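> Quick one: the structure is below, questions incoming.
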Amino acid sequence: MNGQNREDIYPGLEVDIILKKDQRSGKLTRGIVKDLLTSSSFHSRGIKVRLEDGQVGRVANIVEE
């Protein structure tokens, strides 16, 4: 599942994000969502979130359990 729709993302969800510094390389960082920072319902590059460890990035995909 991709991270473009805000309704699919909520605090406590495990996701892979792309940090700003990793946009060129596409390196993913895994973590748990703490806050949703994008207010619109859809974003083509992914909903921006803050992880529990404080890192901020756009959701690349949602980890399916």
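Lettering and numbering for the structure tokens are positional, with chains as A, B, ... in the shown order, residues counted from 1 in each chain, and ligands counted from 1 in the shown order.
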For range 13-22 of chain A, list every protein, DNA or RNA residue within 10 Å, evaluated using only C-alpha atoms, and leave out those in the same chain fewer than 6 positions away; present the list as a PyMOL selection string.

chain A and resi 1-3+28-34+45-51+55-65

> Next, dump the selected residues to file, keeping only C-alpha atoms, as a PDB file, in the first residue's frame.


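Full text of result20.pdb as output:
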ATOM      1  CA  MET A   1       0.000   0.000   0.000  1.00  0.00           C
ATOM      2  CA  ASN A   2       1.374   3.425  -0.852  1.00  0.00           C
ATOM      3  CA  GLY A   3       1.295   6.432   1.444  1.00  0.00           C
ATOM      4  CA  LEU A  28      13.803   4.227   3.183  1.00  0.00           C
ATOM      5  CA  THR A  29      13.570   4.672   6.945  1.00  0.00           C
ATOM      6  CA  ARG A  30      11.158   2.453   8.916  1.00  0.00           C
ATOM      7  CA  GLY A  31       9.313   3.710  11.957  1.00  0.00           C
ATOM      8  CA  ILE A  32       6.033   4.242  13.797  1.00  0.00           C
ATOM      9  CA  VAL A  33       3.856   7.271  12.935  1.00  0.00           C
ATOM     10  CA  LYS A  34       3.489   9.824  15.720  1.00  0.00           C
ATOM     11  CA  ARG A  45       4.680  12.187  -3.284  1.00  0.00           C
ATOM     12  CA  GLY A  46       3.289  10.777  -0.041  1.00  0.00           C
ATOM     13  CA  ILE A  47       1.756  12.096   3.167  1.00  0.00           C
ATOM     14  CA  LYS A  48       4.324  13.828   5.382  1.00  0.00           C
ATOM     15  CA  VAL A  49       4.573  12.357   8.885  1.00  0.00           C
ATOM     16  CA  ARG A  50       6.682  12.610  12.035  1.00  0.00           C
ATOM     17  CA  LEU A  51       7.874   9.299  13.443  1.00  0.00           C
ATOM     18  CA  GLN A  55      12.310  12.039  12.072  1.00  0.00           C
ATOM     19  CA  VAL A  56      10.127  13.698   9.415  1.00  0.00           C
ATOM     20  CA  GLY A  57       9.517  12.400   5.904  1.00  0.00           C
ATOM     21  CA  ARG A  58       6.988  11.328   3.314  1.00  0.00           C
ATOM     22  CA  VAL A  59       5.367   7.891   3.518  1.00  0.00           C
ATOM     23  CA  ALA A  60       6.710   5.644   0.735  1.00  0.00           C
ATOM     24  CA  ASN A  61       4.734   2.577   1.795  1.00  0.00           C
ATOM     25  CA  ILE A  62       2.756   1.126   4.643  1.00  0.00           C
ATOM     26  CA  VAL A  63       4.184  -1.994   6.292  1.00  0.00           C
ATOM     27  CA  GLU A  64       1.607  -4.793   6.122  1.00  0.00           C
ATOM     28  CA  GLU A  65       1.556  -7.100   9.137  1.00  0.00           C
TER      29      GLU A  65
END

> Give me, please, the distance in Å between CA of Ser25 in chain A and CA of Ser44 in chain A, quoted to one decimal.

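One can read the CA of Ser25 in chain A to CA of Ser44 in chain A distance as 18.3 Å.
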
> Determine which residues of chain A receive a DSSP assignment of strand (DSSP E), computed from the backbone, and state them as a ChimeraX atom specification.

/A:14-19,29-36,48-51,56-62

> How would the residues just picked look written out with N, CA and C atoms as a PDB file, in the first residue's frame?


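What ended up in selection_32.pdb:
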ATOM      1  N   GLU A  14       3.015   1.334  11.393  1.00  0.00           N
ATOM      2  CA  GLU A  14       4.406   1.155  10.966  1.00  0.00           C
ATOM      3  C   GLU A  14       4.509   1.454   9.472  1.00  0.00           C
ATOM      4  N   VAL A  15       5.426   2.358   9.124  1.00  0.00           N
ATOM      5  CA  VAL A  15       5.575   2.799   7.737  1.00  0.00           C
ATOM      6  C   VAL A  15       7.050   2.903   7.354  1.00  0.00           C
ATOM      7  N   ASP A  16       7.298   2.946   6.046  1.00  0.00           N
ATOM      8  CA  ASP A  16       8.606   3.300   5.506  1.00  0.00           C
ATOM      9  C   ASP A  16       8.479   4.708   4.953  1.00  0.00           C
ATOM     10  N   ILE A  17       9.405   5.594   5.346  1.00  0.00           N
ATOM     11  CA  ILE A  17       9.378   6.974   4.854  1.00  0.00           C
ATOM     12  C   ILE A  17      10.668   7.291   4.111  1.00  0.00           C
ATOM     13  N   ILE A  18      10.593   8.331   3.299  1.00  0.00           N
ATOM     14  CA  ILE A  18      11.788   8.878   2.649  1.00  0.00           C
ATOM     15  C   ILE A  18      12.069  10.227   3.304  1.00  0.00           C
ATOM     16  N   LEU A  19      13.227  10.334   3.944  1.00  0.00           N
ATOM     17  CA  LEU A  19      13.641  11.592   4.556  1.00  0.00           C
ATOM     18  C   LEU A  19      14.052  12.567   3.461  1.00  0.00           C
ATOM     19  N   THR A  29      13.399   4.737   5.499  1.00  0.00           N
ATOM     20  CA  THR A  29      13.570   4.672   6.945  1.00  0.00           C
ATOM     21  C   THR A  29      12.271   4.131   7.531  1.00  0.00           C
ATOM     22  N   ARG A  30      12.360   3.068   8.335  1.00  0.00           N
ATOM     23  CA  ARG A  30      11.158   2.453   8.916  1.00  0.00           C
ATOM     24  C   ARG A  30      10.913   3.010  10.310  1.00  0.00           C
ATOM     25  N   GLY A  31       9.648   3.227  10.627  1.00  0.00           N
ATOM     26  CA  GLY A  31       9.313   3.710  11.957  1.00  0.00           C
ATOM     27  C   GLY A  31       7.822   3.708  12.196  1.00  0.00           C
ATOM     28  N   ILE A  32       7.433   4.186  13.376  1.00  0.00           N
ATOM     29  CA  ILE A  32       6.033   4.242  13.797  1.00  0.00           C
ATOM     30  C   ILE A  32       5.563   5.699  13.721  1.00  0.00           C
ATOM     31  N   VAL A  33       4.410   5.923  13.093  1.00  0.00           N
ATOM     32  CA  VAL A  33       3.856   7.271  12.935  1.00  0.00           C
ATOM     33  C   VAL A  33       3.466   7.856  14.283  1.00  0.00           C
ATOM     34  N   LYS A  34       3.916   9.088  14.525  1.00  0.00           N
ATOM     35  CA  LYS A  34       3.489   9.824  15.720  1.00  0.00           C
ATOM     36  C   LYS A  34       2.469  10.896  15.330  1.00  0.00           C
ATOM     37  N   ASP A  35       2.796  11.708  14.300  1.00  0.00           N
ATOM     38  CA  ASP A  35       1.920  12.804  13.870  1.00  0.00           C
ATOM     39  C   ASP A  35       1.815  12.823  12.349  1.00  0.00           C
ATOM     40  N   LEU A  36       0.659  13.211  11.840  1.00  0.00           N
ATOM     41  CA  LEU A  36       0.484  13.469  10.417  1.00  0.00           C
ATOM     42  C   LEU A  36       0.677  14.964  10.193  1.00  0.00           C
ATOM     43  N   LYS A  48       3.187  13.537   4.499  1.00  0.00           N
ATOM     44  CA  LYS A  48       4.324  13.828   5.382  1.00  0.00           C
ATOM     45  C   LYS A  48       3.942  13.509   6.819  1.00  0.00           C
ATOM     46  N   VAL A  49       4.825  12.767   7.503  1.00  0.00           N
ATOM     47  CA  VAL A  49       4.573  12.357   8.885  1.00  0.00           C
ATOM     48  C   VAL A  49       5.811  12.586   9.744  1.00  0.00           C
ATOM     49  N   ARG A  50       5.588  12.621  11.057  1.00  0.00           N
ATOM     50  CA  ARG A  50       6.682  12.610  12.035  1.00  0.00           C
ATOM     51  C   ARG A  50       6.638  11.256  12.714  1.00  0.00           C
ATOM     52  N   LEU A  51       7.791  10.590  12.769  1.00  0.00           N
ATOM     53  CA  LEU A  51       7.874   9.299  13.443  1.00  0.00           C
ATOM     54  C   LEU A  51       8.048   9.506  14.940  1.00  0.00           C
ATOM     55  N   VAL A  56      11.241  13.249  10.247  1.00  0.00           N
ATOM     56  CA  VAL A  56      10.127  13.698   9.415  1.00  0.00           C
ATOM     57  C   VAL A  56      10.400  13.313   7.968  1.00  0.00           C
ATOM     58  N   GLY A  57       9.383  12.753   7.311  1.00  0.00           N
ATOM     59  CA  GLY A  57       9.517  12.400   5.904  1.00  0.00           C
ATOM     60  C   GLY A  57       8.178  12.045   5.306  1.00  0.00           C
ATOM     61  N   ARG A  58       8.218  11.697   4.022  1.00  0.00           N
ATOM     62  CA  ARG A  58       6.988  11.328   3.314  1.00  0.00           C
ATOM     63  C   ARG A  58       6.840   9.805   3.272  1.00  0.00           C
ATOM     64  N   VAL A  59       5.628   9.331   3.491  1.00  0.00           N
ATOM     65  CA  VAL A  59       5.367   7.891   3.518  1.00  0.00           C
ATOM     66  C   VAL A  59       5.556   7.305   2.119  1.00  0.00           C
ATOM     67  N   ALA A  60       6.467   6.345   2.002  1.00  0.00           N
ATOM     68  CA  ALA A  60       6.710   5.644   0.735  1.00  0.00           C
ATOM     69  C   ALA A  60       5.809   4.422   0.654  1.00  0.00           C
ATOM     70  N   ASN A  61       5.681   3.686   1.736  1.00  0.00           N
ATOM     71  CA  ASN A  61       4.734   2.577   1.795  1.00  0.00           C
ATOM     72  C   ASN A  61       4.387   2.226   3.234  1.00  0.00           C
ATOM     73  N   ILE A  62       3.267   1.535   3.346  1.00  0.00           N
ATOM     74  CA  ILE A  62       2.756   1.126   4.643  1.00  0.00           C
ATOM     75  C   ILE A  62       3.140  -0.334   4.845  1.00  0.00           C
TER      76      ILE A  62
END
